[in-house]
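To start, the structure itself, in structure tokens.
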Amino acid sequence: MQVNIKSKSISTSNKLSKLKTFNAETVLCGNISKVDYHNHTNFTDGKNTVEECVIKAIDKGLTTIGFSEHVSKNEEWMKEWFARYLEDIEMCKKKYTEIDILCGIEAKINDDNGNLNVDEKYIETVDYVIGVLHTYPKFKSNKDVKLKLLNKKQLVDIEELYNLSVLKNSNVDIIGHVGAIYKRFSRYGDLPLNAFENIIEMAGKVDIAFELSGRYHQGLTLPLLNLCTKHNTKVSFGSDAHHLKDIGLIIDVLKREL
Ligand SMILES: [Zn+2]
Ligand SMILES: [Zn+2]
């Protein structure tokens with residue numbers, strides 16, 4: 001099924017009022033807001049509770065922490081924990097009023113038409129959606145032997161195709177950790193900047209924020225911010241933290257690199 005590109009201002013107006021995204025040029029001028037929208041808890045593959053993460057974020061001096069748990073179309077699994085995830089976040093919002101707390105999800109792309117691996121009913125319950133590429137949908141896994149046969153250009157093209165596919169889904173507010181799968185599973189290191197640029201340009205056109213990732217974009221934040229400035233693409237900050245020590249990592253990376 002083809003997912004059409006809709007106007008973000010119509011489809012997600014409620015969400016956008018809570019989620020703050022940033023002008024890349026302002027960030028380049030050193031205006032780095034202390035927010036982190038990409039954090040995992042022990043509801044999925046993170047190590048700590050929601051409350052432990054909130055306390056750490058306050059200690060670190062963040063003004064906003066956003067949670068971005070992994071989701072799936074596996075309804076049995078979602079039923080096991082998702083309602084408790086929402087409840088824990090609500091509890092922390094009441095208990096820790098010194099910090100803004102947002103509830104998001106990280107959903108992976110399932111095909112090249114923009115379909116995400118999550119049921120719409122979960123999207124309606126959260127403040128924002130981070131759309132990501134985790135596995136190349138046409139391959140069995142990231143270690144598929146067929147992937148090893150591809151040359152650099154072919155791998156770049158696949159990474160680009162599926163990241164552009166994430167941008168076809170109007171439920172997506174942020175495109176997360178672009179280039180992560182290429183960096184982790186190919187032997188070529190960081191995704192080339194021209195591939196980043198094609199994705200950043202499209203993100204600007206459809207008004208989806210480009211995540212600067214503390215985990216995957218170290219050494220790249222300056223050129224990525226320049227590309228976001230060139231294409232008038234908003235940016236988001238995310239550490240992809242799975243341990244307390246990594247909450248707010250993206251802020252440290254930006255301060256170091258800008
Ligand atoms: Zn991810
Ligand atoms: Zn993540």
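Following the order of the structure tokens, chains are lettered A, B, ..., residues in each are numbered from 1, and ligands are numbered from 1.
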
Residues within 9 Å of ligand 2, counting only C-alpha atoms and all ligand atoms: report them as a VMD selection string.
chain A and resid 38 to 40 68 to 70 105 to 106 130 132 176 to 177 238 to 242

With C-alpha atoms retained, could you export that selection as a PDB file, in the first residue's frame?
ATOM      1  CA  HIS A  38      16.099   9.419  21.758  1.00  0.00           C
ATOM      2  CA  ASN A  39      16.310   7.316  24.919  1.00  0.00           C
ATOM      3  CA  HIS A  40      15.482   3.686  25.698  1.00  0.00           C
ATOM      4  CA  SER A  68      11.588   6.576  22.179  1.00  0.00           C
ATOM      5  CA  GLU A  69      10.859   2.931  22.842  1.00  0.00           C
ATOM      6  CA  HIS A  70      11.119   0.344  20.087  1.00  0.00           C
ATOM      7  CA  ILE A 105       8.334   5.724  19.868  1.00  0.00           C
ATOM      8  CA  GLU A 106      11.042   4.523  17.498  1.00  0.00           C
ATOM      9  CA  ILE A 130      11.105   8.611  15.246  1.00  0.00           C
ATOM     10  CA  VAL A 132      14.310   4.638  11.357  1.00  0.00           C
ATOM     11  CA  GLY A 176      16.517   8.830  13.371  1.00  0.00           C
ATOM     12  CA  HIS A 177      20.173   7.797  13.140  1.00  0.00           C
ATOM     13  CA  GLY A 238      19.023  12.220  20.141  1.00  0.00           C
ATOM     14  CA  SER A 239      21.583  10.154  22.023  1.00  0.00           C
ATOM     15  CA  ASP A 240      20.032   6.722  21.391  1.00  0.00           C
ATOM     16  CA  ALA A 241      20.872   6.060  25.043  1.00  0.00           C
ATOM     17  CA  HIS A 242      20.467   2.534  26.365  1.00  0.00           C
TER      18      HIS A 242
END

Would you pick out the contacts of A:Pro223 at 10 Å or less, using only C-alpha atoms, so that residues sharing its chain but fewer than 5 positions from it are not included, and give the list as a PyMOL selection string?
chain A and resi 193+196-197+228-229

Given the choices A:Tyr136, A:Phe22, A:Tyr85, A:Tyr96, which gets closest to A:Leu212 if the distance is worked out from only C-alpha atoms?
A:Phe22

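In this structure, atom CA of A:Asp190 sits 23.0 Å away from atom CA of A:Asn110.
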
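Candidate residues A:Ile247, A:Met202, A:Cys103, A:Val178 were compared for distance to A:Leu220, and the nearest is A:Val178, using only C-alpha atoms.
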
Please identify all polymer residues within 9 Å of A:His243, counting only C-alpha atoms, omitting same-chain residues fewer than 5 positions from it, and present them as a ChimeraX atom specification.
/A:39-41,46-48,53

Atoms to include: N, CA and C atoms. Write the selected residues as an mmCIF file, in the first residue's frame.
data_model
loop_
_atom_site.group_PDB
_atom_site.id
_atom_site.type_symbol
_atom_site.label_atom_id
_atom_site.label_comp_id
_atom_site.auth_asym_id
_atom_site.auth_seq_id
_atom_site.Cartn_x
_atom_site.Cartn_y
_atom_site.Cartn_z
ATOM 1 N N ASN A 39 15.859 8.050 23.735
ATOM 2 C CA ASN A 39 16.310 7.316 24.919
ATOM 3 C C ASN A 39 15.470 6.057 25.112
ATOM 4 N N HIS A 40 16.150 4.980 25.489
ATOM 5 C CA HIS A 40 15.482 3.686 25.698
ATOM 6 C C HIS A 40 15.518 3.285 27.176
ATOM 7 N N THR A 41 14.505 2.518 27.575
ATOM 8 C CA THR A 41 14.410 2.055 28.971
ATOM 9 C C THR A 41 14.369 0.525 28.983
ATOM 10 N N GLY A 46 16.810 -1.039 26.714
ATOM 11 C CA GLY A 46 17.599 -0.179 27.590
ATOM 12 C C GLY A 46 17.807 -0.863 28.936
ATOM 13 N N LYS A 47 18.687 -0.299 29.741
ATOM 14 C CA LYS A 47 19.044 -0.973 31.003
ATOM 15 C C LYS A 47 18.301 -0.405 32.218
ATOM 16 N N ASN A 48 17.688 0.761 32.096
ATOM 17 C CA ASN A 48 17.152 1.439 33.279
ATOM 18 C C ASN A 48 15.663 1.737 33.171
ATOM 19 N N CYS A 53 15.975 7.164 34.361
ATOM 20 C CA CYS A 53 16.425 8.007 33.238
ATOM 21 C C CYS A 53 16.061 9.476 33.481
#

From the DSSP assignment of the backbone, select every residue of stretch 24-172 of chain A that is helix (DSSP H, G or I), and format the answer as a ChimeraX atom specification.
/A:24-28,50-60,75-95,120-123,145-148,152-166

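Once stretch 152-160 of chain A and its same-chain neighbours fewer than 2 positions away are set aside, A:Leu150, A:Tyr162, A:Asn163, A:Leu164, A:Tyr182, A:Leu191, A:Ala195, A:Ile199 remain within 7 Å of it when counting only C-alpha atoms.
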
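Residue neighbourhood of A:Ser72, excluding near-sequence residues (fewer than 5 positions): Met78, Asn117 and Val118 of chain A, at 7 Å, using only C-alpha atoms.
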
Please produce an output containing C-alpha atoms for each residue in the selection, written as a PDB file, in the first residue's frame.
ATOM      1  CA  MET A  78       3.137  -4.683  22.631  1.00  0.00           C
ATOM      2  CA  ASN A 117       6.392  -1.566  11.757  1.00  0.00           C
ATOM      3  CA  VAL A 118       3.756  -0.264  14.177  1.00  0.00           C
TER       4      VAL A 118
END

Considering only C-alpha atoms, can you say which of A:Thr44, A:Gly104, A:Lys234, A:Lys93 comes closest to A:Glu80?
A:Thr44

With only C-alpha atoms and all ligand atoms as the basis for distance, which of A:Asp252, A:Asp45, A:Asp111, A:Glu98 is at the shortest distance from ligand 1?
A:Asp45

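Comparing A:Gly219, A:Tyr188, A:Tyr128, A:Leu227 by their smallest distance to A:Glu257, the closest is A:Gly219 (using only C-alpha atoms).
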
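Counting only C-alpha atoms and comparing A:Ser170, A:Leu244, A:Arg256, A:Asn226, the residue that lies closest to A:Glu25 is A:Asn226.
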
Excluding same-chain residues fewer than 6 positions from A:Ile174, what lies within 10 Å of it counting only C-alpha atoms, as a VMD selection string?
chain A and resid 19 21 37 106 128 to 132 166 to 167 203 207 to 211 234 to 238

Residue subset to file, keeping N, CA and C atoms, as a PDB file, in the first residue's frame:
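Result file is part_18.pdb:
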ATOM      1  N   LEU A  19       6.660  18.774  20.575  1.00  0.00           N
ATOM      2  CA  LEU A  19       8.011  18.466  20.110  1.00  0.00           C
ATOM      3  C   LEU A  19       8.673  19.729  19.579  1.00  0.00           C
ATOM      4  N   THR A  21      11.715  21.191  17.492  1.00  0.00           N
ATOM      5  CA  THR A  21      12.842  20.884  16.608  1.00  0.00           C
ATOM      6  C   THR A  21      13.582  22.196  16.365  1.00  0.00           C
ATOM      7  N   TYR A  37      15.817  13.547  22.657  1.00  0.00           N
ATOM      8  CA  TYR A  37      14.555  12.864  22.315  1.00  0.00           C
ATOM      9  C   TYR A  37      14.714  11.376  22.014  1.00  0.00           C
ATOM     10  N   GLU A 106      10.131   4.699  18.622  1.00  0.00           N
ATOM     11  CA  GLU A 106      11.042   4.523  17.498  1.00  0.00           C
ATOM     12  C   GLU A 106      10.497   3.369  16.670  1.00  0.00           C
ATOM     13  N   TYR A 128       5.478  11.878  19.734  1.00  0.00           N
ATOM     14  CA  TYR A 128       6.232  11.935  18.471  1.00  0.00           C
ATOM     15  C   TYR A 128       6.687  10.546  18.041  1.00  0.00           C
ATOM     16  N   VAL A 129       6.996  10.454  16.749  1.00  0.00           N
ATOM     17  CA  VAL A 129       7.467   9.192  16.159  1.00  0.00           C
ATOM     18  C   VAL A 129       8.837   9.431  15.527  1.00  0.00           C
ATOM     19  N   ILE A 130       9.819   8.616  15.942  1.00  0.00           N
ATOM     20  CA  ILE A 130      11.105   8.611  15.246  1.00  0.00           C
ATOM     21  C   ILE A 130      11.060   7.449  14.250  1.00  0.00           C
ATOM     22  N   GLY A 131      11.153   7.755  12.981  1.00  0.00           N
ATOM     23  CA  GLY A 131      11.186   6.715  11.950  1.00  0.00           C
ATOM     24  C   GLY A 131      12.636   6.365  11.655  1.00  0.00           C
ATOM     25  N   VAL A 132      12.915   5.066  11.564  1.00  0.00           N
ATOM     26  CA  VAL A 132      14.310   4.638  11.357  1.00  0.00           C
ATOM     27  C   VAL A 132      14.403   3.462  10.393  1.00  0.00           C
ATOM     28  N   VAL A 166      11.398   6.167   4.668  1.00  0.00           N
ATOM     29  CA  VAL A 166      10.926   6.640   5.985  1.00  0.00           C
ATOM     30  C   VAL A 166      10.234   7.997   5.816  1.00  0.00           C
ATOM     31  N   LEU A 167      10.796   8.821   4.935  1.00  0.00           N
ATOM     32  CA  LEU A 167      10.288  10.189   4.757  1.00  0.00           C
ATOM     33  C   LEU A 167       8.964  10.234   3.995  1.00  0.00           C
ATOM     34  N   ALA A 203      14.082  15.489   3.657  1.00  0.00           N
ATOM     35  CA  ALA A 203      13.506  15.730   4.992  1.00  0.00           C
ATOM     36  C   ALA A 203      13.040  17.188   5.101  1.00  0.00           C
ATOM     37  N   ASP A 207       9.228  18.392   5.740  1.00  0.00           N
ATOM     38  CA  ASP A 207       9.166  18.925   7.101  1.00  0.00           C
ATOM     39  C   ASP A 207       9.251  17.835   8.173  1.00  0.00           C
ATOM     40  N   ILE A 208      10.210  16.957   7.996  1.00  0.00           N
ATOM     41  CA  ILE A 208      10.534  15.959   9.025  1.00  0.00           C
ATOM     42  C   ILE A 208      11.923  16.322   9.553  1.00  0.00           C
ATOM     43  N   ALA A 209      12.068  16.335  10.882  1.00  0.00           N
ATOM     44  CA  ALA A 209      13.345  16.762  11.471  1.00  0.00           C
ATOM     45  C   ALA A 209      14.409  15.677  11.301  1.00  0.00           C
ATOM     46  N   PHE A 210      15.624  16.109  11.036  1.00  0.00           N
ATOM     47  CA  PHE A 210      16.764  15.202  10.888  1.00  0.00           C
ATOM     48  C   PHE A 210      17.443  15.065  12.247  1.00  0.00           C
ATOM     49  N   GLU A 211      17.534  13.838  12.742  1.00  0.00           N
ATOM     50  CA  GLU A 211      18.153  13.629  14.058  1.00  0.00           C
ATOM     51  C   GLU A 211      19.677  13.688  13.968  1.00  0.00           C
ATOM     52  N   LYS A 234      14.975  21.113   9.546  1.00  0.00           N
ATOM     53  CA  LYS A 234      15.024  21.212  11.007  1.00  0.00           C
ATOM     54  C   LYS A 234      15.818  20.046  11.583  1.00  0.00           C
ATOM     55  N   VAL A 235      16.443  20.246  12.745  1.00  0.00           N
ATOM     56  CA  VAL A 235      17.167  19.151  13.371  1.00  0.00           C
ATOM     57  C   VAL A 235      16.569  18.803  14.722  1.00  0.00           C
ATOM     58  N   SER A 236      16.832  17.556  15.128  1.00  0.00           N
ATOM     59  CA  SER A 236      16.422  17.060  16.441  1.00  0.00           C
ATOM     60  C   SER A 236      17.668  16.481  17.100  1.00  0.00           C
ATOM     61  N   PHE A 237      17.677  16.432  18.426  1.00  0.00           N
ATOM     62  CA  PHE A 237      18.832  15.880  19.140  1.00  0.00           C
ATOM     63  C   PHE A 237      18.460  14.531  19.764  1.00  0.00           C
ATOM     64  N   GLY A 238      19.289  13.537  19.548  1.00  0.00           N
ATOM     65  CA  GLY A 238      19.023  12.220  20.141  1.00  0.00           C
ATOM     66  C   GLY A 238      20.298  11.473  20.452  1.00  0.00           C
TER      67      GLY A 238
END

Mind giving me the straight-line distance from atom CA of A:Asp88 to atom CA of A:Lys108 in Å, one decimal?
23.4 Å

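Atom CA of A:Asn115 lies 25.0 Å from atom CA of A:His231.
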
Please list as a PDB file with N, CA and C atoms, in the first residue's frame every residue within 10 Å of A:Gly30, counting only C-alpha atoms and excluding residues in the same chain fewer than 5 positions away.
ATOM      1  N   GLU A  25      20.950  26.460  11.559  1.00  0.00           N
ATOM      2  CA  GLU A  25      21.840  27.624  11.591  1.00  0.00           C
ATOM      3  C   GLU A  25      21.991  28.159  13.024  1.00  0.00           C
ATOM      4  N   LEU A 254      27.924  17.733  20.496  1.00  0.00           N
ATOM      5  CA  LEU A 254      27.774  19.026  19.805  1.00  0.00           C
ATOM      6  C   LEU A 254      28.703  20.080  20.400  1.00  0.00           C
ATOM      7  N   LYS A 255      28.790  20.112  21.720  1.00  0.00           N
ATOM      8  CA  LYS A 255      29.660  21.115  22.362  1.00  0.00           C
ATOM      9  C   LYS A 255      31.116  20.888  21.961  1.00  0.00           C
ATOM     10  N   LEU A 258      31.371  21.687  17.722  1.00  0.00           N
ATOM     11  CA  LEU A 258      30.986  22.962  17.074  1.00  0.00           C
ATOM     12  C   LEU A 258      31.899  24.095  17.504  1.00  0.00           C
TER      13      LEU A 258
END
